[in-house]
$ cat query09.tsv   # TSV, C-alpha atoms and all ligand atoms
chain	number	residue	atom	x	y	z
A	1	VAL	CA	-29.11	11.89	23.90
A	2	SER	CA	-28.36	10.07	20.70
A	3	ALA	CA	-24.94	11.76	20.39
A	4	GLY	CA	-24.18	10.59	23.93
A	5	ALA	CA	-25.24	7.05	23.08
A	6	VAL	CA	-22.98	7.06	20.04
A	7	SER	CA	-19.96	8.19	22.03
A	8	VAL	CA	-20.55	5.55	24.72
A	9	ARG	CA	-20.72	2.88	22.01
A	10	GLN	CA	-17.55	4.21	20.39
A	11	SER	CA	-15.60	4.21	23.58
A	12	ALA	CA	-16.65	0.61	24.30
A	13	GLU	CA	-15.18	-0.33	20.93
A	14	GLN	CA	-12.02	1.64	21.68
A	15	LEU	CA	-11.65	-0.10	25.02
A	16	ARG	CA	-12.08	-3.46	23.35
A	17	ILE	CA	-9.29	-2.76	20.83
A	18	LEU	CA	-6.97	-1.62	23.62
A	19	SER	CA	-7.74	-4.64	25.75
A	20	VAL	CA	-7.10	-7.04	22.83
A	21	LEU	CA	-3.71	-5.36	22.22
A	22	ASN	CA	-2.83	-5.44	25.93
A	23	ASP	CA	-3.78	-9.12	26.22
A	24	LEU	CA	-1.71	-10.08	23.18
A	25	HIS	CA	1.26	-8.09	24.48
A	26	LEU	CA	1.07	-9.78	27.90
A	27	LYS	CA	0.59	-13.21	26.37
A	28	TYR	CA	3.54	-13.09	23.95
A	29	LYS	CA	6.00	-10.91	25.87
A	30	PRO	CA	7.54	-13.96	27.65
A	31	LEU	CA	8.11	-15.83	24.36
A	32	THR	CA	11.80	-16.59	23.79
A	33	ASP	CA	11.63	-18.27	20.36
A	34	GLY	CA	13.49	-16.85	17.39
A	35	LYS	CA	16.77	-15.10	16.82
A	36	VAL	CA	17.61	-11.48	16.06
A	37	ALA	CA	18.95	-11.01	12.49
A	38	ASP	CA	22.74	-10.87	12.43
A	39	TYR	CA	23.62	-11.10	8.73
A	40	ILE	CA	23.81	-7.31	8.80
A	41	PRO	CA	26.25	-6.91	11.73
A	42	GLN	CA	24.62	-3.72	12.99
A	43	LEU	CA	21.18	-5.36	13.30
A	44	ALA	CA	22.50	-7.92	15.80
A	45	LYS	CA	22.82	-5.21	18.47
A	46	VAL	CA	19.08	-4.75	19.08
A	47	SER	CA	17.45	-6.07	22.25
A	48	PRO	CA	15.26	-9.16	21.67
A	49	ASP	CA	12.92	-7.98	24.44
A	50	LEU	CA	11.61	-4.94	22.59
A	51	PHE	CA	7.96	-5.48	21.71
A	52	GLY	CA	5.37	-3.01	20.47
A	53	ILE	CA	1.95	-3.34	18.85
A	54	CYS	CA	-0.16	-0.66	17.21
A	55	ILE	CA	-3.47	-0.49	15.36
A	56	ALA	CA	-4.37	2.62	13.33
A	57	THR	CA	-7.88	2.76	11.94
A	58	ALA	CA	-8.91	4.00	8.50
A	59	ASP	CA	-10.70	6.88	10.27
A	60	GLY	CA	-7.56	7.97	12.08
A	61	GLN	CA	-7.72	6.48	15.58
A	62	VAL	CA	-4.47	5.05	16.96
A	63	PHE	CA	-4.15	2.34	19.63
A	64	GLU	CA	-0.74	1.33	20.90
A	65	VAL	CA	0.95	-0.81	23.53
A	66	GLY	CA	4.54	-1.61	24.63
A	67	ASP	CA	7.51	-0.20	22.70
A	68	TYR	CA	5.30	1.41	20.09
A	69	ASP	CA	7.54	4.41	19.49
A	70	TYR	CA	10.91	2.61	19.42
A	71	LEU	CA	12.66	3.29	16.08
A	72	PHE	CA	14.04	0.38	14.06
A	73	THR	CA	14.95	-0.07	10.40
A	74	ILE	CA	12.08	-0.72	8.02
A	75	GLN	CA	14.06	-3.20	5.84
A	76	SER	CA	11.86	-5.22	3.47
A	77	ILE	CA	8.68	-3.45	4.56
A	78	SER	CA	9.87	-0.61	2.33
A	79	LYS	CA	9.51	-2.82	-0.76
A	80	PRO	CA	5.73	-2.66	-1.44
A	81	PHE	CA	5.78	1.12	-0.95
A	82	VAL	CA	8.64	1.67	-3.39
A	83	TYR	CA	6.79	-0.66	-5.79
A	84	GLY	CA	3.88	1.77	-5.47
A	85	LEU	CA	6.17	4.70	-6.30
A	86	ALA	CA	7.47	2.84	-9.38
A	87	LEU	CA	3.85	2.34	-10.48
A	88	GLU	CA	3.17	6.02	-9.95
A	89	ASP	CA	6.32	6.96	-11.92
A	90	HIS	CA	5.84	4.62	-14.89
A	91	GLY	CA	2.33	3.12	-14.89
A	92	ARG	CA	1.27	-0.48	-14.61
A	93	GLU	CA	2.11	-1.61	-18.13
A	94	TYR	CA	5.77	-0.60	-18.04
A	95	VAL	CA	6.31	-1.83	-14.50
A	96	ARG	CA	4.92	-5.23	-15.48
A	97	THR	CA	7.70	-5.53	-18.08
A	98	ARG	CA	10.21	-5.22	-15.22
A	99	VAL	CA	8.68	-7.38	-12.51
A	100	GLY	CA	6.06	-10.14	-12.23
A	101	VAL	CA	3.46	-10.84	-9.57
A	102	GLU	CA	4.06	-14.55	-8.92
A	103	PRO	CA	4.98	-15.79	-5.46
A	104	THR	CA	8.26	-17.72	-5.50
A	105	GLY	CA	7.93	-19.83	-2.38
A	106	ASP	CA	11.59	-18.98	-1.90
A	107	ALA	CA	13.53	-17.02	0.68
A	108	PHE	CA	13.68	-13.22	0.35
A	109	ASN	CA	17.29	-13.22	-0.84
A	110	SER	CA	16.86	-16.03	-3.37
A	111	ILE	CA	19.42	-15.51	-6.06
A	112	ILE	CA	18.58	-17.86	-8.88
A	113	LYS	CA	15.00	-17.30	-9.86
A	114	LEU	CA	14.37	-14.93	-12.72
A	115	ASP	CA	11.54	-15.87	-15.00
A	116	GLU	CA	12.96	-18.21	-17.68
A	117	ARG	CA	11.46	-16.37	-20.64
A	118	SER	CA	11.08	-12.75	-19.62
A	119	LYS	CA	14.13	-12.61	-17.26
A	120	ARG	CA	11.98	-10.56	-14.92
A	121	PRO	CA	12.20	-11.12	-11.18
A	122	HIS	CA	9.07	-12.99	-10.06
A	123	ASN	CA	7.65	-10.26	-7.82
A	124	PRO	CA	8.57	-6.87	-6.30
A	125	LEU	CA	8.96	-8.23	-2.76
A	126	VAL	CA	11.88	-10.64	-3.26
A	127	ASN	CA	15.18	-8.74	-3.26
A	128	ALA	CA	15.68	-9.11	-7.02
A	129	GLY	CA	12.31	-7.49	-7.76
A	130	ALA	CA	12.74	-4.85	-5.09
A	131	ILE	CA	16.15	-3.78	-6.41
A	132	ALA	CA	14.72	-3.69	-9.95
A	133	MET	CA	11.92	-1.38	-8.73
A	134	THR	CA	14.33	0.88	-6.83
A	135	SER	CA	16.46	1.18	-9.98
A	136	ILE	CA	13.57	2.67	-11.98
A	137	ILE	CA	12.51	5.32	-9.43
A	138	LYS	CA	12.61	8.67	-11.21
A	139	GLY	CA	15.00	11.44	-10.19
A	140	THR	CA	17.67	13.70	-11.64
A	141	ASP	CA	20.47	12.21	-9.52
A	142	PRO	CA	20.91	9.86	-6.52
A	143	THR	CA	20.06	12.61	-4.00
A	144	ASP	CA	16.88	13.52	-5.84
A	145	LYS	CA	15.84	9.84	-5.93
A	146	LEU	CA	16.54	9.44	-2.21
A	147	ASN	CA	14.54	12.59	-1.48
A	148	ARG	CA	11.62	11.24	-3.48
A	149	ILE	CA	11.70	8.05	-1.39
A	150	LEU	CA	11.93	10.09	1.84
A	151	ASP	CA	8.95	12.18	0.69
A	152	LEU	CA	7.02	8.99	-0.04
A	153	PHE	CA	7.49	7.69	3.49
A	154	GLN	CA	6.73	11.13	4.88
A	155	ARG	CA	3.36	11.00	3.11
A	156	TYR	CA	2.62	7.52	4.48
A	157	THR	CA	3.72	8.19	8.08
A	158	GLY	CA	2.77	11.85	8.33
A	159	HIS	CA	6.24	12.99	9.43
A	160	GLY	CA	9.85	13.28	8.27
A	161	ILE	CA	11.88	10.05	8.15
A	162	LEU	CA	15.61	9.54	8.80
A	163	ALA	CA	17.97	6.72	7.88
A	164	ASP	CA	20.07	4.75	10.37
A	165	MET	CA	23.50	5.48	8.92
A	166	SER	CA	25.28	2.65	10.71
A	167	VAL	CA	22.78	0.06	9.46
A	168	PHE	CA	23.10	1.53	5.96
A	169	MET	CA	26.92	1.36	6.02
A	170	SER	CA	26.87	-2.08	7.63
A	171	GLU	CA	24.66	-3.48	4.87
A	172	ARG	CA	26.49	-1.57	2.15
A	173	THR	CA	29.80	-3.18	3.10
A	174	THR	CA	28.46	-6.70	3.71
A	175	GLY	CA	25.62	-7.00	1.16
A	176	HIS	CA	27.53	-9.13	-1.34
A	177	ARG	CA	24.56	-11.31	-2.10
A	178	ASN	CA	22.41	-8.32	-3.05
A	179	ARG	CA	25.30	-7.06	-5.18
A	180	ALA	CA	25.39	-10.40	-6.97
A	181	ILE	CA	21.61	-10.32	-7.51
A	182	ALA	CA	21.82	-6.78	-8.91
A	183	HIS	CA	24.66	-7.63	-11.27
A	184	LEU	CA	22.80	-10.69	-12.52
A	185	MET	CA	19.84	-8.45	-13.32
A	186	LEU	CA	22.10	-5.87	-14.94
A	187	ASN	CA	23.25	-8.66	-17.22
A	188	PHE	CA	19.63	-9.30	-18.25
A	189	GLY	CA	18.80	-5.60	-18.72
A	190	MET	CA	16.52	-5.47	-15.69
A	191	ILE	CA	18.41	-2.65	-13.93
A	192	ASP	CA	18.31	0.91	-15.20
A	193	GLY	CA	21.37	3.13	-14.92
A	194	ASN	CA	24.23	2.65	-12.51
A	195	VAL	CA	24.05	-0.61	-10.55
A	196	ASP	CA	25.96	0.72	-7.52
A	197	GLU	CA	23.65	3.71	-7.30
A	198	ALA	CA	20.61	1.42	-7.41
A	199	LEU	CA	22.09	-0.74	-4.63
A	200	ASP	CA	22.91	2.30	-2.49
A	201	LEU	CA	19.35	3.56	-2.86
A	202	TYR	CA	18.01	0.08	-1.99
A	203	PHE	CA	20.22	-0.11	1.13
A	204	GLN	CA	19.12	3.43	2.06
A	205	GLN	CA	15.42	2.60	1.73
A	206	CYS	CA	15.98	-0.51	3.93
A	207	SER	CA	17.71	1.55	6.63
A	208	LEU	CA	14.92	4.10	7.09
A	209	MET	CA	13.83	4.28	10.72
A	210	VAL	CA	10.20	3.73	11.68
A	211	SER	CA	8.22	2.75	14.77
A	212	CYS	CA	5.47	0.16	14.80
A	213	ARG	CA	3.12	3.11	15.16
A	214	ASP	CA	4.44	4.38	11.80
A	215	LEU	CA	3.85	0.94	10.26
A	216	ALA	CA	0.27	0.93	11.53
A	217	VAL	CA	-0.37	4.39	10.05
A	218	MET	CA	1.18	3.30	6.73
A	219	GLY	CA	-1.12	0.27	6.83
A	220	ALA	CA	-4.10	2.48	7.67
A	221	THR	CA	-3.24	4.63	4.64
A	222	LEU	CA	-3.48	1.55	2.41
A	223	ALA	CA	-6.67	0.50	4.25
A	224	ASN	CA	-8.01	3.99	3.49
A	225	HIS	CA	-7.48	3.77	-0.31
A	226	GLY	CA	-4.17	5.66	-0.22
A	227	VAL	CA	-5.09	8.65	1.93
A	228	ASN	CA	-3.24	9.01	5.25
A	229	PRO	CA	-6.10	9.18	7.79
A	230	LEU	CA	-4.06	11.32	10.21
A	231	THR	CA	-3.04	14.04	7.76
A	232	GLY	CA	-5.85	13.72	5.20
A	233	LYS	CA	-3.18	13.78	2.48
A	234	ARG	CA	-2.91	11.27	-0.34
A	235	ALA	CA	0.22	9.07	-0.26
A	236	ILE	CA	-0.43	7.14	-3.49
A	237	PRO	CA	-3.02	7.25	-6.29
A	238	ALA	CA	-5.97	5.07	-5.26
A	239	GLU	CA	-5.68	2.94	-8.41
A	240	TYR	CA	-2.33	1.44	-7.27
A	241	VAL	CA	-3.38	0.47	-3.76
A	242	ARG	CA	-4.77	-2.79	-5.05
A	243	ASP	CA	-1.47	-3.62	-6.82
A	244	ILE	CA	0.39	-3.18	-3.54
A	245	LEU	CA	-2.10	-5.15	-1.45
A	246	SER	CA	-2.31	-8.01	-3.97
A	247	VAL	CA	1.44	-8.66	-3.96
A	248	MET	CA	1.56	-8.28	-0.18
A	249	PHE	CA	-1.18	-10.88	0.11
A	250	THR	CA	0.52	-13.44	-2.15
A	251	CYS	CA	4.24	-12.67	-1.64
A	252	GLY	CA	4.63	-10.62	1.56
A	253	LEU	CA	6.05	-13.37	3.74
A	254	TYR	CA	8.20	-15.20	1.20
A	255	ASP	CA	8.25	-18.94	1.84
A	256	TYR	CA	5.60	-18.51	4.55
A	257	ALA	CA	3.24	-16.56	2.27
A	258	GLY	CA	0.78	-19.42	1.64
A	259	GLU	CA	0.53	-20.41	5.30
A	260	TRP	CA	0.10	-16.73	6.22
A	261	ALA	CA	-2.68	-16.17	3.66
A	262	TYR	CA	-4.44	-19.29	4.93
A	263	ARG	CA	-4.11	-18.60	8.65
A	264	ILE	CA	-4.08	-14.81	8.99
A	265	GLY	CA	-5.69	-13.89	5.67
A	266	LEU	CA	-4.37	-10.34	5.36
A	267	PRO	CA	-1.99	-8.51	3.02
A	268	ALA	CA	1.20	-8.05	5.03
A	269	LYS	CA	4.94	-7.45	4.86
A	270	SER	CA	7.71	-8.47	7.21
A	271	GLY	CA	11.20	-7.01	7.63
A	272	VAL	CA	14.36	-8.45	9.18
A	273	GLY	CA	14.52	-5.46	11.54
A	274	GLY	CA	11.64	-7.18	13.38
A	275	GLY	CA	8.80	-5.14	11.92
A	276	MET	CA	5.53	-6.43	10.49
A	277	LEU	CA	2.84	-4.45	8.72
A	278	ALA	CA	-0.60	-5.88	7.94
A	279	VAL	CA	-3.67	-4.30	6.39
A	280	VAL	CA	-7.35	-4.97	6.97
A	281	PRO	CA	-8.76	-3.26	3.86
A	282	GLY	CA	-11.30	-0.56	4.67
A	283	ARG	CA	-10.79	-1.01	8.42
A	284	PHE	CA	-7.29	-0.65	9.91
A	285	GLY	CA	-3.53	-1.07	9.68
A	286	ILE	CA	-1.47	-3.19	12.07
A	287	GLY	CA	2.15	-2.50	13.02
A	288	VAL	CA	4.15	-4.89	15.20
A	289	PHE	CA	7.78	-4.72	16.29
A	290	SER	CA	9.66	-7.60	17.90
A	291	PRO	CA	13.19	-8.39	16.67
A	292	PRO	CA	13.53	-12.18	17.14
A	293	LEU	CA	12.89	-13.87	13.77
A	294	ASP	CA	12.00	-17.41	12.78
A	295	GLU	CA	14.11	-19.35	10.27
A	296	ARG	CA	12.29	-17.63	7.37
A	297	GLY	CA	13.15	-14.15	8.59
A	298	ASN	CA	9.69	-13.24	9.94
A	299	SER	CA	9.18	-11.87	13.46
A	300	VAL	CA	7.97	-14.69	15.72
A	301	ARG	CA	5.89	-12.52	18.06
A	302	ALA	CA	4.50	-10.46	15.16
A	303	ILE	CA	3.06	-13.57	13.48
A	304	LYS	CA	1.37	-14.59	16.74
A	305	VAL	CA	0.02	-11.09	17.33
A	306	CYS	CA	-1.42	-10.82	13.82
A	307	GLU	CA	-3.04	-14.21	14.24
A	308	GLY	CA	-4.59	-12.99	17.52
A	309	ILE	CA	-5.83	-9.74	15.97
A	310	THR	CA	-7.32	-11.54	12.97
A	311	GLU	CA	-9.25	-13.85	15.32
A	312	ALA	CA	-10.35	-11.13	17.75
A	313	PHE	CA	-11.73	-8.84	15.01
A	314	GLY	CA	-12.82	-11.39	12.39
A	315	ALA	CA	-10.33	-9.73	10.05
A	316	HIS	CA	-9.39	-12.69	7.77
A	317	ILE	CA	-10.52	-11.38	4.38
A	318	PHE	CA	-12.36	-14.62	3.65
A	401	LIG	O1	18.01	-7.06	1.35
A	401	LIG	C1	18.24	-7.27	2.54
A	401	LIG	O2	18.96	-8.17	2.87
A	401	LIG	C2	17.63	-6.43	3.66
A	401	LIG	N1	18.13	-5.13	3.68
A	401	LIG	C3	16.13	-6.47	3.65
A	401	LIG	C4	15.70	-7.84	3.87
A	401	LIG	C5	14.44	-8.06	4.63
A	401	LIG	O3	13.98	-7.30	5.45
A	401	LIG	C6	13.85	-9.37	4.38
A	401	LIG	N2	12.67	-9.59	5.11
A	401	LIG	N3	12.13	-10.28	5.78

$ encode --input "query09.tsv" --output "C-alpha cells" --more "lines below"
Ligand code: DON
Amino acid sequence: VSAGAVSVRQSAEQLRILSVLNDLHLKYKPLTDGKVADYIPQLAKVSPDLFGICIATADGQVFEVGDYDYLFTIQSISKPFVYGLALEDHGREYVRTRVGVEPTGDAFNSIIKLDERSKRPHNPLVNAGAIAMTSIIKGTDPTDKLNRILDLFQRYTGHGILADMSVFMSERTTGHRNRAIAHLMLNFGMIDGNVDEALDLYFQQCSLMVSCRDLAVMGATLANHGVNPLTGKRAIPAEYVRDILSVMFTCGLYDYAGEWAYRIGLPAKSGVGGGMLAVVPGRFGIGVFSPPLDERGNSVRAIKVCEGITEAFGAHIF
C-alpha cells in the first residue's frame, strides 16, 4: 500500500512538471520578439519558430516539450564546461593565474578588458577568458585536444557529440574579432602554444551540436555534483562543480548577469545558437532552445521560460 501511495504521489509531481512546461511553451510560442544571430552567416539560416524546453532531474527523470531533440550549436554554453576541464587539467591555483572570476558587465565579445595589473581576462565566460581556457586544455596535438573536448561533452550528455562543420567553417572565416582578442592575449602571454590552433579548437567547441534535452542533462549533471544522472558516470570531479556554478551565476549572461541573478536566481549560460542552460543545484537542470535573441545575445523565449520555471518551482536560490 505504501509503495502504491508513493508512486501516486510521484506521478502527480511528474504531471505537474509536464503541465508547467506545456503551459510555458504554449504561452511563449507566439512571441515574435528578438532576432536570430547573423554575425556568423551560417547561424542566420535557422528557423525562429523552433522552440523546445526540457527539465532533467538530479535523479534522472527527463521532461520535455516542443522541439526538444532539434540539434543546434552549443556556442557559448560550451565555455563553463571547458573551464571545468581546464580546472581538472591544471588545478584551481594555476587556472586562477590565467583567468579571473569577476563579472565584466560587458558584452560577450568585449575586446578591451583585460585586468590592468594581471593582464588576465576577467572571467572564463567572456570570449577572452574562454579562448584562454581552451588554449590550456591538455593534449598531444590538436586532434587529441578536440577528442578530449568531445569526450567531455559525451560524459555530460551521455552520448557521442558531433560538430556542425558549416557553422565551424563559417565562424572560422568570419571570426576576426575573436582572432583580434586571441592575438591581444598572446601579446600578454595569456595564450599557450599556437594561437591559430587555440582559435580553431574554440570555434570547434562552439560548433558542437546539442539539443535542449542535452543541455538539461548537462545541467542535471552539475545539479548532481558532477555525476550524469542518466549514465551514473562522473563528468567532472565534484570539487570543481562549485567553480563552474559560481561563474555561471555571476557572469553567465554577460551584461544581463545582474538582472538575471536578481530575477531568476540560478546559475545559467546562454549561447547565440539560441540555447540556454540553467541549474537548480541539487534538484534539476533546465535546457531551452529558441533562436531569436535580444540585443545582448540571450534567447528571448528562454529568459521568459526560466523565469516561469523559477516561479513555478520556487527555484530562485535565495
Ligand atoms: O565567440 C563567438 O562569437 C561564438 N562562437 C560564441 C558566442 C556566444 O554564444 C555568445 N553568447 N551568448

$ residues_near_point --input "query09.tsv" --point "(4.4, 7.8, -11.0)" --cutoff "12 Å" --atoms "all atoms listed in the file" --output "list in words"
Val82, Tyr83, Gly84, Leu85, Ala86, Leu87, Glu88, Asp89, His90, Gly91, Arg92, Tyr94, Val95, Ile136, Ile137, Lys138, Gly139, Arg148, Leu152, Ala235, Ile236, Pro237, Glu239 and Tyr240 of chain A

$ closest_residue --input "query09.tsv" --among "A:Ala44, A:Ala107, A:Leu15, A:Leu71" --to "Gly275 in chain A" --atoms "only C-alpha atoms"
A:Leu71

$ closest_atom_pairs --input "query09.tsv" --of "chain A" --to "ligand LIG 401 (chain A)" --cutoff "7 Å" --atoms "only C-alpha atoms and all ligand atoms" --output "CSV"
residue,atom,partner,partner_atom,distance
A:Gln75,CA,A:LIG401,O3,4.1
A:Ser76,CA,A:LIG401,O3,3.6
A:Ile77,CA,A:LIG401,O3,6.6
A:Phe108,CA,A:LIG401,C6,5.6
A:Asn109,CA,A:LIG401,O2,6.5
A:Asn127,CA,A:LIG401,O1,5.7
A:Glu171,CA,A:LIG401,N1,6.8
A:Gly175,CA,A:LIG401,O2,7.0
A:Asn178,CA,A:LIG401,O1,6.3
A:Phe203,CA,A:LIG401,N1,6.0
A:Cys206,CA,A:LIG401,N1,5.1
A:Ser270,CA,A:LIG401,N3,5.0
A:Gly271,CA,A:LIG401,O3,3.5
A:Val272,CA,A:LIG401,O3,3.9
A:Gly273,CA,A:LIG401,O3,6.4
A:Gly297,CA,A:LIG401,N3,4.9
A:Asn298,CA,A:LIG401,N3,5.7

$ closest_residue --input "query09.tsv" --among "A:Ala163, A:Ala315, A:Val300, A:Leu253" --to "Lys35 in chain A" --atoms "only C-alpha atoms"
A:Val300

$ atom_distance --input "query09.tsv" --atom1 "CA of Thr231 in chain A" --atom2 "CA of Gly158 in chain A"
6.2 Å

$ axis_aligned_box --input "query09.tsv" --around "range 207-216 of chain A" --padding-each-side "3 Å" --output "lines of an AutoDock Vina configuration file"
center_x = 9.0
center_y = 2.3
center_z = 10.9
size_x = 23.4
size_y = 10.2
size_z = 14.5

$ closest_residue --input "query09.tsv" --among "A:Val101, A:Ile309, A:Leu125, A:Val195" --to "Arg263 in chain A" --atoms "all atoms listed in the file"
A:Ile309

$ atom_distance --input "query09.tsv" --atom1 "CA of Thr57 in chain A" --atom2 "CA of His25 in chain A"
18.9 Å

$ closest_residue --input "query09.tsv" --among "A:Pro48, A:Pro30, A:Gly100, A:Pro267" --to "Pro292 in chain A" --atoms "all atoms listed in the file"
A:Pro48

$ closest_residue --input "query09.tsv" --among "A:Glu102, A:Glu93, A:Asp23, A:Asp214" --to "Gly285 in chain A" --atoms "all atoms listed in the file"
A:Asp214

$ atom_distance --input "query09.tsv" --atom1 "CA of Arg96 in chain A" --atom2 "CA of Asp144 in chain A"
24.2 Å

$ closest_residue --input "query09.tsv" --among "A:Ala12, A:Met165, A:Asp196, A:Leu21" --to "Ala180 in chain A" --atoms "all atoms listed in the file"
A:Asp196

$ decode --input "query09.tsv" --residues "range 147-201 of chain A" --atoms "C-alpha atoms" --output "PDB file, in the first residue's frame"
ATOM      1  CA  ASN A 147      38.918  14.451 -28.746  1.00  0.00           C
ATOM      2  CA  ARG A 148      39.283  15.354 -25.084  1.00  0.00           C
ATOM      3  CA  ILE A 149      36.638  18.060 -25.508  1.00  0.00           C
ATOM      4  CA  LEU A 150      34.348  15.633 -27.383  1.00  0.00           C
ATOM      5  CA  ASP A 151      34.817  13.090 -24.562  1.00  0.00           C
ATOM      6  CA  LEU A 152      33.957  15.777 -22.025  1.00  0.00           C
ATOM      7  CA  PHE A 153      30.631  16.538 -23.694  1.00  0.00           C
ATOM      8  CA  GLN A 154      29.982  12.832 -24.142  1.00  0.00           C
ATOM      9  CA  ARG A 155      30.301  12.414 -20.365  1.00  0.00           C
ATOM     10  CA  TYR A 156      27.918  15.323 -19.709  1.00  0.00           C
ATOM     11  CA  THR A 157      25.271  14.353 -22.296  1.00  0.00           C
ATOM     12  CA  GLY A 158      25.629  10.586 -22.133  1.00  0.00           C
ATOM     13  CA  HIS A 159      26.204  10.170 -25.879  1.00  0.00           C
ATOM     14  CA  GLY A 160      28.639  10.991 -28.684  1.00  0.00           C
ATOM     15  CA  ILE A 161      28.672  14.596 -29.938  1.00  0.00           C
ATOM     16  CA  LEU A 162      29.329  15.894 -33.462  1.00  0.00           C
ATOM     17  CA  ALA A 163      30.301  19.333 -34.743  1.00  0.00           C
ATOM     18  CA  ASP A 164      28.349  21.309 -37.339  1.00  0.00           C
ATOM     19  CA  MET A 165      31.096  21.716 -39.936  1.00  0.00           C
ATOM     20  CA  SER A 166      29.429  24.556 -41.815  1.00  0.00           C
ATOM     21  CA  VAL A 167      28.968  26.618 -38.642  1.00  0.00           C
ATOM     22  CA  PHE A 168      32.591  25.880 -37.722  1.00  0.00           C
ATOM     23  CA  MET A 169      33.902  26.988 -41.137  1.00  0.00           C
ATOM     24  CA  SER A 170      31.568  29.979 -41.202  1.00  0.00           C
ATOM     25  CA  GLU A 171      32.869  31.231 -37.854  1.00  0.00           C
ATOM     26  CA  ARG A 172      36.456  30.323 -38.680  1.00  0.00           C
ATOM     27  CA  THR A 173      36.421  32.521 -41.787  1.00  0.00           C
ATOM     28  CA  THR A 174      34.485  35.446 -40.272  1.00  0.00           C
ATOM     29  CA  GLY A 175      35.649  35.448 -36.619  1.00  0.00           C
ATOM     30  CA  HIS A 176      38.053  38.374 -36.955  1.00  0.00           C
ATOM     31  CA  ARG A 177      37.087  39.846 -33.629  1.00  0.00           C
ATOM     32  CA  ASN A 178      37.906  36.621 -31.791  1.00  0.00           C
ATOM     33  CA  ARG A 179      41.195  36.492 -33.707  1.00  0.00           C
ATOM     34  CA  ALA A 180      41.981  40.008 -32.505  1.00  0.00           C
ATOM     35  CA  ILE A 181      41.097  39.079 -28.913  1.00  0.00           C
ATOM     36  CA  ALA A 182      43.330  35.987 -29.090  1.00  0.00           C
ATOM     37  CA  HIS A 183      46.262  37.906 -30.525  1.00  0.00           C
ATOM     38  CA  LEU A 184      45.924  40.574 -27.844  1.00  0.00           C
ATOM     39  CA  MET A 185      46.119  37.837 -25.226  1.00  0.00           C
ATOM     40  CA  LEU A 186      49.057  36.203 -26.992  1.00  0.00           C
ATOM     41  CA  ASN A 187      50.811  39.537 -26.637  1.00  0.00           C
ATOM     42  CA  PHE A 188      50.239  39.421 -22.860  1.00  0.00           C
ATOM     43  CA  GLY A 189      51.297  35.767 -22.520  1.00  0.00           C
ATOM     44  CA  MET A 190      47.784  34.561 -21.751  1.00  0.00           C
ATOM     45  CA  ILE A 191      47.611  32.046 -24.623  1.00  0.00           C
ATOM     46  CA  ASP A 192      49.618  28.843 -24.580  1.00  0.00           C
ATOM     47  CA  GLY A 193      51.052  27.432 -27.797  1.00  0.00           C
ATOM     48  CA  ASN A 194      49.824  28.206 -31.281  1.00  0.00           C
ATOM     49  CA  VAL A 195      47.180  30.938 -31.401  1.00  0.00           C
ATOM     50  CA  ASP A 196      45.503  29.633 -34.581  1.00  0.00           C
ATOM     51  CA  GLU A 197      45.213  26.162 -33.080  1.00  0.00           C
ATOM     52  CA  ALA A 198      43.621  27.617 -29.942  1.00  0.00           C
ATOM     53  CA  LEU A 199      41.128  29.580 -32.070  1.00  0.00           C
ATOM     54  CA  ASP A 200      40.276  26.522 -34.178  1.00  0.00           C
ATOM     55  CA  LEU A 201      39.620  24.496 -31.037  1.00  0.00           C
TER      56      LEU A 201
END
